[in-house]
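Novice: Here you go, entry_38.txt (compact mmCIF, N, CA and C atoms):
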# COMPACT_ATOMS: atom_id res chain seq x y z
N MET A 1 -58.97 31.02 -17.45
CA MET A 1 -57.77 30.74 -16.69
C MET A 1 -56.66 30.31 -17.66
N PRO A 2 -55.44 30.82 -17.46
CA PRO A 2 -54.35 30.49 -18.39
C PRO A 2 -53.85 29.05 -18.19
N ARG A 3 -53.25 28.53 -19.22
CA ARG A 3 -52.72 27.16 -19.20
C ARG A 3 -51.39 27.12 -18.44
N VAL A 4 -51.20 26.08 -17.63
CA VAL A 4 -49.97 25.93 -16.85
C VAL A 4 -49.20 24.73 -17.39
N LYS A 5 -47.94 24.97 -17.78
CA LYS A 5 -47.09 23.88 -18.25
C LYS A 5 -46.20 23.45 -17.08
N ARG A 6 -46.14 22.13 -16.83
CA ARG A 6 -45.48 21.67 -15.61
C ARG A 6 -44.32 20.72 -15.89
N GLY A 7 -43.62 20.86 -16.97
CA GLY A 7 -42.56 19.92 -17.29
C GLY A 7 -41.22 20.26 -16.68
N THR A 8 -41.01 21.48 -16.24
CA THR A 8 -39.67 21.91 -15.82
C THR A 8 -39.21 21.22 -14.54
N THR A 9 -40.11 21.03 -13.57
CA THR A 9 -39.72 20.41 -12.31
C THR A 9 -39.31 18.95 -12.52
N ALA A 10 -40.12 18.24 -13.29
CA ALA A 10 -39.80 16.83 -13.56
C ALA A 10 -38.51 16.71 -14.36
N LYS A 11 -38.34 17.59 -15.32
CA LYS A 11 -37.12 17.54 -16.14
C LYS A 11 -35.89 17.81 -15.29
N ARG A 12 -36.00 18.75 -14.37
CA ARG A 12 -34.87 19.06 -13.49
C ARG A 12 -34.53 17.85 -12.61
N ARG A 13 -35.56 17.21 -12.07
CA ARG A 13 -35.35 16.04 -11.23
C ARG A 13 -34.72 14.89 -12.03
N HIS A 14 -35.24 14.67 -13.23
CA HIS A 14 -34.70 13.61 -14.08
C HIS A 14 -33.24 13.89 -14.44
N LYS A 15 -32.94 15.14 -14.76
CA LYS A 15 -31.56 15.49 -15.12
C LYS A 15 -30.62 15.26 -13.94
N ALA A 16 -31.10 15.56 -12.73
CA ALA A 16 -30.27 15.38 -11.55
C ALA A 16 -29.94 13.90 -11.34
N VAL A 17 -30.95 13.05 -11.50
CA VAL A 17 -30.74 11.61 -11.32
C VAL A 17 -29.82 11.08 -12.41
N LEU A 18 -30.06 11.49 -13.65
CA LEU A 18 -29.25 10.99 -14.76
C LEU A 18 -27.80 11.46 -14.66
N SER A 19 -27.59 12.64 -14.10
CA SER A 19 -26.21 13.10 -13.95
C SER A 19 -25.50 12.34 -12.83
N LEU A 20 -26.25 11.91 -11.80
CA LEU A 20 -25.64 11.12 -10.73
C LEU A 20 -25.27 9.71 -11.18
N THR A 21 -25.96 9.22 -12.22
CA THR A 21 -25.70 7.85 -12.68
C THR A 21 -24.78 7.82 -13.89
N LYS A 22 -24.10 8.90 -14.17
CA LYS A 22 -23.12 8.90 -15.25
C LYS A 22 -22.05 7.87 -14.93
N GLY A 23 -21.71 7.06 -15.88
CA GLY A 23 -20.71 6.03 -15.66
C GLY A 23 -21.31 4.68 -15.34
N HIS A 24 -22.61 4.62 -15.05
CA HIS A 24 -23.25 3.33 -14.84
C HIS A 24 -23.47 2.68 -16.21
N ARG A 25 -23.54 1.37 -16.25
CA ARG A 25 -23.59 0.65 -17.52
C ARG A 25 -25.01 0.54 -18.06
N SER A 26 -25.10 0.41 -19.36
CA SER A 26 -26.32 0.07 -20.08
C SER A 26 -27.42 1.10 -19.83
N VAL A 27 -28.66 0.62 -19.56
CA VAL A 27 -29.77 1.56 -19.40
C VAL A 27 -29.77 2.22 -18.03
N ARG A 28 -28.83 1.81 -17.17
CA ARG A 28 -28.80 2.36 -15.82
C ARG A 28 -28.38 3.83 -15.79
N HIS A 29 -27.94 4.37 -16.90
CA HIS A 29 -27.63 5.79 -16.95
C HIS A 29 -28.43 6.51 -18.04
N LYS A 30 -29.33 5.78 -18.71
CA LYS A 30 -30.09 6.40 -19.79
C LYS A 30 -31.57 6.55 -19.46
N LEU A 31 -32.17 5.49 -18.91
CA LEU A 31 -33.61 5.51 -18.64
C LEU A 31 -33.83 5.93 -17.19
N PHE A 32 -34.75 6.88 -17.01
CA PHE A 32 -34.91 7.48 -15.68
C PHE A 32 -35.26 6.46 -14.61
N ARG A 33 -36.20 5.59 -14.89
CA ARG A 33 -36.66 4.67 -13.85
C ARG A 33 -35.54 3.72 -13.44
N ARG A 34 -34.83 3.18 -14.39
CA ARG A 34 -33.71 2.28 -14.09
C ARG A 34 -32.56 3.06 -13.45
N ALA A 35 -32.37 4.28 -13.90
CA ALA A 35 -31.29 5.11 -13.34
C ALA A 35 -31.56 5.44 -11.88
N LYS A 36 -32.81 5.68 -11.54
CA LYS A 36 -33.14 6.00 -10.16
C LYS A 36 -32.87 4.81 -9.25
N GLU A 37 -33.23 3.60 -9.71
CA GLU A 37 -32.94 2.39 -8.93
C GLU A 37 -31.43 2.25 -8.73
N SER A 38 -30.71 2.44 -9.81
CA SER A 38 -29.26 2.31 -9.76
C SER A 38 -28.65 3.34 -8.82
N MET A 39 -29.16 4.56 -8.86
CA MET A 39 -28.66 5.62 -8.01
C MET A 39 -28.91 5.30 -6.53
N LEU A 40 -30.11 4.80 -6.21
CA LEU A 40 -30.44 4.49 -4.82
C LEU A 40 -29.53 3.38 -4.29
N HIS A 41 -29.29 2.36 -5.11
CA HIS A 41 -28.39 1.30 -4.68
C HIS A 41 -26.97 1.84 -4.48
N ALA A 42 -26.51 2.65 -5.43
CA ALA A 42 -25.16 3.19 -5.35
C ALA A 42 -24.98 4.06 -4.10
N LEU A 43 -25.99 4.87 -3.79
CA LEU A 43 -25.89 5.73 -2.62
C LEU A 43 -25.89 4.92 -1.33
N SER A 44 -26.68 3.84 -1.29
CA SER A 44 -26.69 3.02 -0.08
C SER A 44 -25.37 2.28 0.09
N TYR A 45 -24.78 1.83 -1.03
CA TYR A 45 -23.48 1.18 -0.95
C TYR A 45 -22.42 2.17 -0.47
N SER A 46 -22.45 3.38 -0.98
CA SER A 46 -21.43 4.35 -0.59
C SER A 46 -21.55 4.70 0.90
N PHE A 47 -22.78 4.76 1.41
CA PHE A 47 -22.99 5.03 2.84
C PHE A 47 -22.41 3.90 3.68
N ALA A 48 -22.74 2.66 3.30
CA ALA A 48 -22.26 1.51 4.07
C ALA A 48 -20.75 1.38 3.99
N HIS A 49 -20.19 1.62 2.82
CA HIS A 49 -18.76 1.41 2.65
C HIS A 49 -17.93 2.52 3.28
N ARG A 50 -18.52 3.68 3.49
CA ARG A 50 -17.79 4.71 4.25
C ARG A 50 -17.57 4.22 5.67
N ARG A 51 -18.51 3.47 6.22
CA ARG A 51 -18.32 2.93 7.56
C ARG A 51 -17.39 1.73 7.55
N LYS A 52 -17.50 0.91 6.52
CA LYS A 52 -16.67 -0.29 6.40
C LYS A 52 -15.19 0.07 6.23
N LYS A 53 -14.95 1.23 5.63
CA LYS A 53 -13.58 1.68 5.37
C LYS A 53 -12.78 1.83 6.67
N LYS A 54 -13.45 2.24 7.73
CA LYS A 54 -12.76 2.42 9.01
C LYS A 54 -12.19 1.10 9.51
N GLY A 55 -12.99 0.03 9.43
CA GLY A 55 -12.52 -1.29 9.85
C GLY A 55 -11.43 -1.82 8.95
N ASP A 56 -11.56 -1.55 7.66
CA ASP A 56 -10.53 -1.99 6.71
C ASP A 56 -9.19 -1.35 7.03
N MET A 57 -9.22 -0.06 7.35
CA MET A 57 -7.98 0.64 7.66
C MET A 57 -7.36 0.09 8.95
N ARG A 58 -8.19 -0.16 9.95
CA ARG A 58 -7.68 -0.72 11.21
C ARG A 58 -7.04 -2.08 10.97
N ARG A 59 -7.68 -2.90 10.12
CA ARG A 59 -7.13 -4.22 9.79
C ARG A 59 -5.75 -4.07 9.12
N LEU A 60 -5.62 -3.10 8.23
CA LEU A 60 -4.35 -2.85 7.55
C LEU A 60 -3.27 -2.42 8.53
N TRP A 61 -3.63 -1.52 9.46
CA TRP A 61 -2.67 -1.06 10.44
C TRP A 61 -2.18 -2.23 11.30
N ILE A 62 -3.10 -3.09 11.71
CA ILE A 62 -2.73 -4.22 12.56
C ILE A 62 -1.79 -5.16 11.81
N LEU A 63 -2.07 -5.39 10.52
CA LEU A 63 -1.18 -6.23 9.70
C LEU A 63 0.23 -5.65 9.65
N ARG A 64 0.32 -4.36 9.41
CA ARG A 64 1.63 -3.71 9.31
C ARG A 64 2.39 -3.75 10.63
N ILE A 65 1.67 -3.49 11.73
CA ILE A 65 2.31 -3.50 13.04
C ILE A 65 2.80 -4.90 13.37
N ASN A 66 1.98 -5.91 13.07
CA ASN A 66 2.35 -7.29 13.36
C ASN A 66 3.60 -7.68 12.58
N ALA A 67 3.64 -7.33 11.29
CA ALA A 67 4.81 -7.67 10.47
C ALA A 67 6.07 -7.02 11.01
N ALA A 68 5.98 -5.74 11.36
CA ALA A 68 7.15 -5.03 11.86
C ALA A 68 7.56 -5.54 13.25
N ALA A 69 6.57 -5.87 14.08
CA ALA A 69 6.89 -6.38 15.42
C ALA A 69 7.57 -7.73 15.33
N ARG A 70 7.11 -8.59 14.42
CA ARG A 70 7.73 -9.91 14.27
C ARG A 70 9.16 -9.80 13.75
N GLU A 71 9.44 -8.79 12.92
CA GLU A 71 10.82 -8.56 12.49
C GLU A 71 11.71 -8.20 13.68
N ASN A 72 11.10 -7.60 14.69
CA ASN A 72 11.86 -7.19 15.88
C ASN A 72 11.74 -8.21 17.02
N GLY A 73 11.14 -9.36 16.76
CA GLY A 73 11.13 -10.42 17.75
C GLY A 73 9.96 -10.45 18.71
N LEU A 74 8.90 -9.70 18.45
CA LEU A 74 7.70 -9.74 19.27
C LEU A 74 6.49 -10.02 18.39
N THR A 75 5.41 -10.46 19.01
CA THR A 75 4.17 -10.59 18.25
C THR A 75 3.34 -9.33 18.47
N TYR A 76 2.30 -9.20 17.67
CA TYR A 76 1.43 -8.03 17.78
C TYR A 76 0.81 -7.94 19.17
N SER A 77 0.30 -9.07 19.67
CA SER A 77 -0.39 -9.03 20.96
C SER A 77 0.57 -8.70 22.09
N GLN A 78 1.80 -9.22 22.02
CA GLN A 78 2.79 -8.89 23.04
C GLN A 78 3.13 -7.40 23.01
N LEU A 79 3.24 -6.87 21.79
CA LEU A 79 3.57 -5.45 21.64
C LEU A 79 2.46 -4.57 22.21
N ILE A 80 1.22 -4.86 21.86
CA ILE A 80 0.11 -4.03 22.32
C ILE A 80 -0.08 -4.13 23.83
N SER A 81 0.03 -5.35 24.37
CA SER A 81 -0.12 -5.48 25.83
C SER A 81 1.03 -4.79 26.54
N GLY A 82 2.24 -4.86 25.97
CA GLY A 82 3.38 -4.17 26.56
C GLY A 82 3.20 -2.66 26.53
N LEU A 83 2.63 -2.16 25.43
CA LEU A 83 2.40 -0.71 25.34
C LEU A 83 1.39 -0.26 26.38
N THR A 84 0.37 -1.06 26.63
CA THR A 84 -0.61 -0.67 27.65
C THR A 84 0.01 -0.77 29.04
N GLU A 85 0.91 -1.74 29.26
CA GLU A 85 1.58 -1.85 30.55
C GLU A 85 2.45 -0.64 30.85
N ILE A 86 3.18 -0.16 29.84
CA ILE A 86 4.04 1.00 30.09
C ILE A 86 3.28 2.31 30.01
N GLY A 87 2.00 2.24 29.67
CA GLY A 87 1.17 3.44 29.67
C GLY A 87 1.34 4.32 28.45
N SER A 88 1.71 3.73 27.35
CA SER A 88 1.89 4.50 26.12
C SER A 88 0.54 4.82 25.49
N SER A 89 0.43 5.99 24.89
CA SER A 89 -0.84 6.40 24.27
C SER A 89 -0.73 6.45 22.75
N ILE A 90 0.23 5.69 22.20
CA ILE A 90 0.39 5.66 20.74
C ILE A 90 -0.69 4.77 20.16
N ASN A 91 -1.44 5.29 19.19
CA ASN A 91 -2.50 4.49 18.60
C ASN A 91 -1.98 3.65 17.44
N ARG A 92 -2.83 2.79 16.92
CA ARG A 92 -2.41 1.85 15.89
C ARG A 92 -2.05 2.54 14.58
N LYS A 93 -2.73 3.63 14.28
CA LYS A 93 -2.45 4.36 13.05
C LYS A 93 -1.02 4.91 13.07
N VAL A 94 -0.65 5.51 14.17
CA VAL A 94 0.69 6.08 14.30
C VAL A 94 1.74 4.97 14.31
N LEU A 95 1.45 3.88 15.01
CA LEU A 95 2.39 2.75 15.04
C LEU A 95 2.62 2.19 13.64
N ALA A 96 1.55 2.06 12.87
CA ALA A 96 1.68 1.52 11.51
C ALA A 96 2.50 2.46 10.63
N GLU A 97 2.29 3.75 10.77
CA GLU A 97 3.07 4.72 10.00
C GLU A 97 4.55 4.66 10.38
N MET A 98 4.81 4.53 11.69
CA MET A 98 6.19 4.44 12.14
C MET A 98 6.84 3.17 11.61
N ALA A 99 6.10 2.06 11.62
CA ALA A 99 6.64 0.79 11.14
C ALA A 99 6.98 0.89 9.66
N LEU A 100 6.19 1.63 8.93
CA LEU A 100 6.38 1.73 7.49
C LEU A 100 7.46 2.74 7.12
N ARG A 101 7.41 3.93 7.73
CA ARG A 101 8.27 5.03 7.30
C ARG A 101 9.53 5.22 8.15
N ASP A 102 9.44 4.82 9.42
CA ASP A 102 10.58 5.07 10.32
C ASP A 102 10.85 3.83 11.17
N PRO A 103 11.44 2.78 10.57
CA PRO A 103 11.63 1.52 11.30
C PRO A 103 12.56 1.64 12.51
N GLU A 104 13.48 2.60 12.50
CA GLU A 104 14.40 2.73 13.63
C GLU A 104 13.67 3.13 14.91
N SER A 105 12.80 4.13 14.81
CA SER A 105 12.05 4.55 16.00
C SER A 105 11.06 3.48 16.43
N PHE A 106 10.52 2.73 15.47
CA PHE A 106 9.63 1.62 15.82
C PHE A 106 10.42 0.56 16.60
N SER A 107 11.66 0.31 16.18
CA SER A 107 12.50 -0.66 16.90
C SER A 107 12.78 -0.19 18.32
N GLN A 108 12.96 1.12 18.49
CA GLN A 108 13.19 1.65 19.84
C GLN A 108 11.97 1.41 20.73
N ILE A 109 10.79 1.61 20.17
CA ILE A 109 9.56 1.36 20.94
C ILE A 109 9.46 -0.11 21.30
N VAL A 110 9.77 -0.99 20.34
CA VAL A 110 9.73 -2.43 20.60
C VAL A 110 10.73 -2.80 21.68
N ASP A 111 11.90 -2.18 21.65
CA ASP A 111 12.91 -2.46 22.69
C ASP A 111 12.42 -2.03 24.07
N GLN A 112 11.75 -0.87 24.13
CA GLN A 112 11.17 -0.42 25.39
C GLN A 112 10.16 -1.43 25.91
N VAL A 113 9.30 -1.90 25.02
CA VAL A 113 8.28 -2.87 25.40
C VAL A 113 8.92 -4.18 25.81
N ARG A 114 9.93 -4.62 25.06
CA ARG A 114 10.60 -5.87 25.37
C ARG A 114 11.23 -5.80 26.76
N GLY A 115 11.82 -4.67 27.10
CA GLY A 115 12.40 -4.49 28.43
C GLY A 115 11.36 -4.58 29.52
N GLU A 116 10.15 -4.12 29.24
CA GLU A 116 9.08 -4.15 30.22
C GLU A 116 8.41 -5.52 30.30
N VAL A 117 8.19 -6.15 29.14
CA VAL A 117 7.46 -7.41 29.08
C VAL A 117 8.33 -8.57 29.56
N LEU A 118 9.57 -8.62 29.11
CA LEU A 118 10.43 -9.77 29.40
C LEU A 118 11.23 -9.60 30.68
N LYS A 119 10.95 -8.56 31.45
CA LYS A 119 11.69 -8.37 32.68
C LYS A 119 11.18 -9.37 33.74
N PRO A 120 12.08 -9.94 34.54
CA PRO A 120 11.67 -10.97 35.51
C PRO A 120 10.78 -10.38 36.59
N THR A 121 9.80 -11.17 37.02
CA THR A 121 8.83 -10.72 38.03
C THR A 121 9.17 -11.32 39.38
N SER A 122 10.22 -10.82 40.04
CA SER A 122 10.59 -11.36 41.36
C SER A 122 10.76 -10.27 42.36
Show me this structure written as structure tokens.
Specialist:
Amino acid sequence: MPRVKRGTTAKRRHKAVLSLTKGHRSVRHKLFRRAKESMLHALSYSFAHRRKKKGDMRRLWILRINAAARENGLTYSQLISGLTEIGSSINRKVLAEMALRDPESFSQIVDQVRGEVLKPTS
């Protein structure tokens, strides 16, 4: 029976792991066993942080909306409750972009909300 050499599969696997850990410090990108640990941790962090990024962005949008609303004389909560009262379907992402790039139209929206929120209930 002929001799079978079996190094190619392991070498391919090792090369794949070592290429994924390029840029990691010290032995974490040189030694296979340490590199594999480093790769598994890095992949789990990237998975978790892709989800965390959504909340971070929402937090940023709320900060921007609040700052712009306060410049126009309303708080964030008053603005959002007023928008739901008037039945607006503008989401926070769009509101934050408007506050940042187009303050005039954001002011118009705030004025609409102010007219609805501060109107007397008699």
Novice: Find the residues around Ala68 of chain A up to 8 Å (all atoms listed in the file counted), leave out those fewer than 3 positions away in its own chain, and share them as a list in words.
Specialist: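 Close residues of Ala68 of chain A: Ile62, Leu63, Arg64, Ile65, Glu71, Asn72, Gly73, Leu74, Thr75, Tyr76, Ala99, Leu100, Pro103, Phe106 and Ser107 of chain A.
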Novice: May I have the residues within 8 Å of segment 10-22 of chain A as a PyMOL selection string, using only N, CA and C atoms and disregarding those fewer than 5 positions away in the same chain?
Specialist: chain A and resi 28-32+35-36+38-39
Novice: How many Å lie between atom CA of Thr84 of chain A and atom CA of Asp56 of chain A, rounded to one decimal?
Specialist: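 So the answer is 23.2 Å.
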Novice: Report, in Å with one decimal, the straight-line distance from atom CA of Gly82 of chain A to atom CA of Glu116 of chain A.
Specialist: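 Separation of atom CA of Gly82 of chain A and atom CA of Glu116 of chain A: 6.8 Å.
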Novice: Have a look at atom CA of Asn91 of chain A and atom CA of Gln112 of chain A and let me know their distance in Å, one decimal.
Specialist: 16.0 Å
Novice: Which one is closest to Leu83 of chain A: A:Lys53, A:Arg114, A:Arg58, A:Arg70? Count all atoms listed in the file.
Specialist: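 Checking each candidate against Leu83 of chain A, we get A:Arg114 as the closest.
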Novice: Restricting the calculation to all atoms listed in the file, which member of A:Trp61, A:Val4, A:Ala67, A:Ile109 is positioned closest to Arg92 of chain A?
Specialist: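 Selected residue with least distance to Arg92 of chain A: A:Trp61.
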Novice: Any chance you could list, as a ChimeraX atom specification, the residues in chain A that come up helix (DSSP H, G or I) when DSSP is run on the backbone?
Specialist: /A:7-20,26-29,32-71,76-86,92-101,103-117
Novice: Given the choices A:Val27, A:Ala42, A:Ala69, A:Ile86, which gets closest to Val113 of chain A if the distance is worked out from only N, CA and C atoms?
Specialist: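 Closest to Val113 of chain A of all the choices is A:Ile86.
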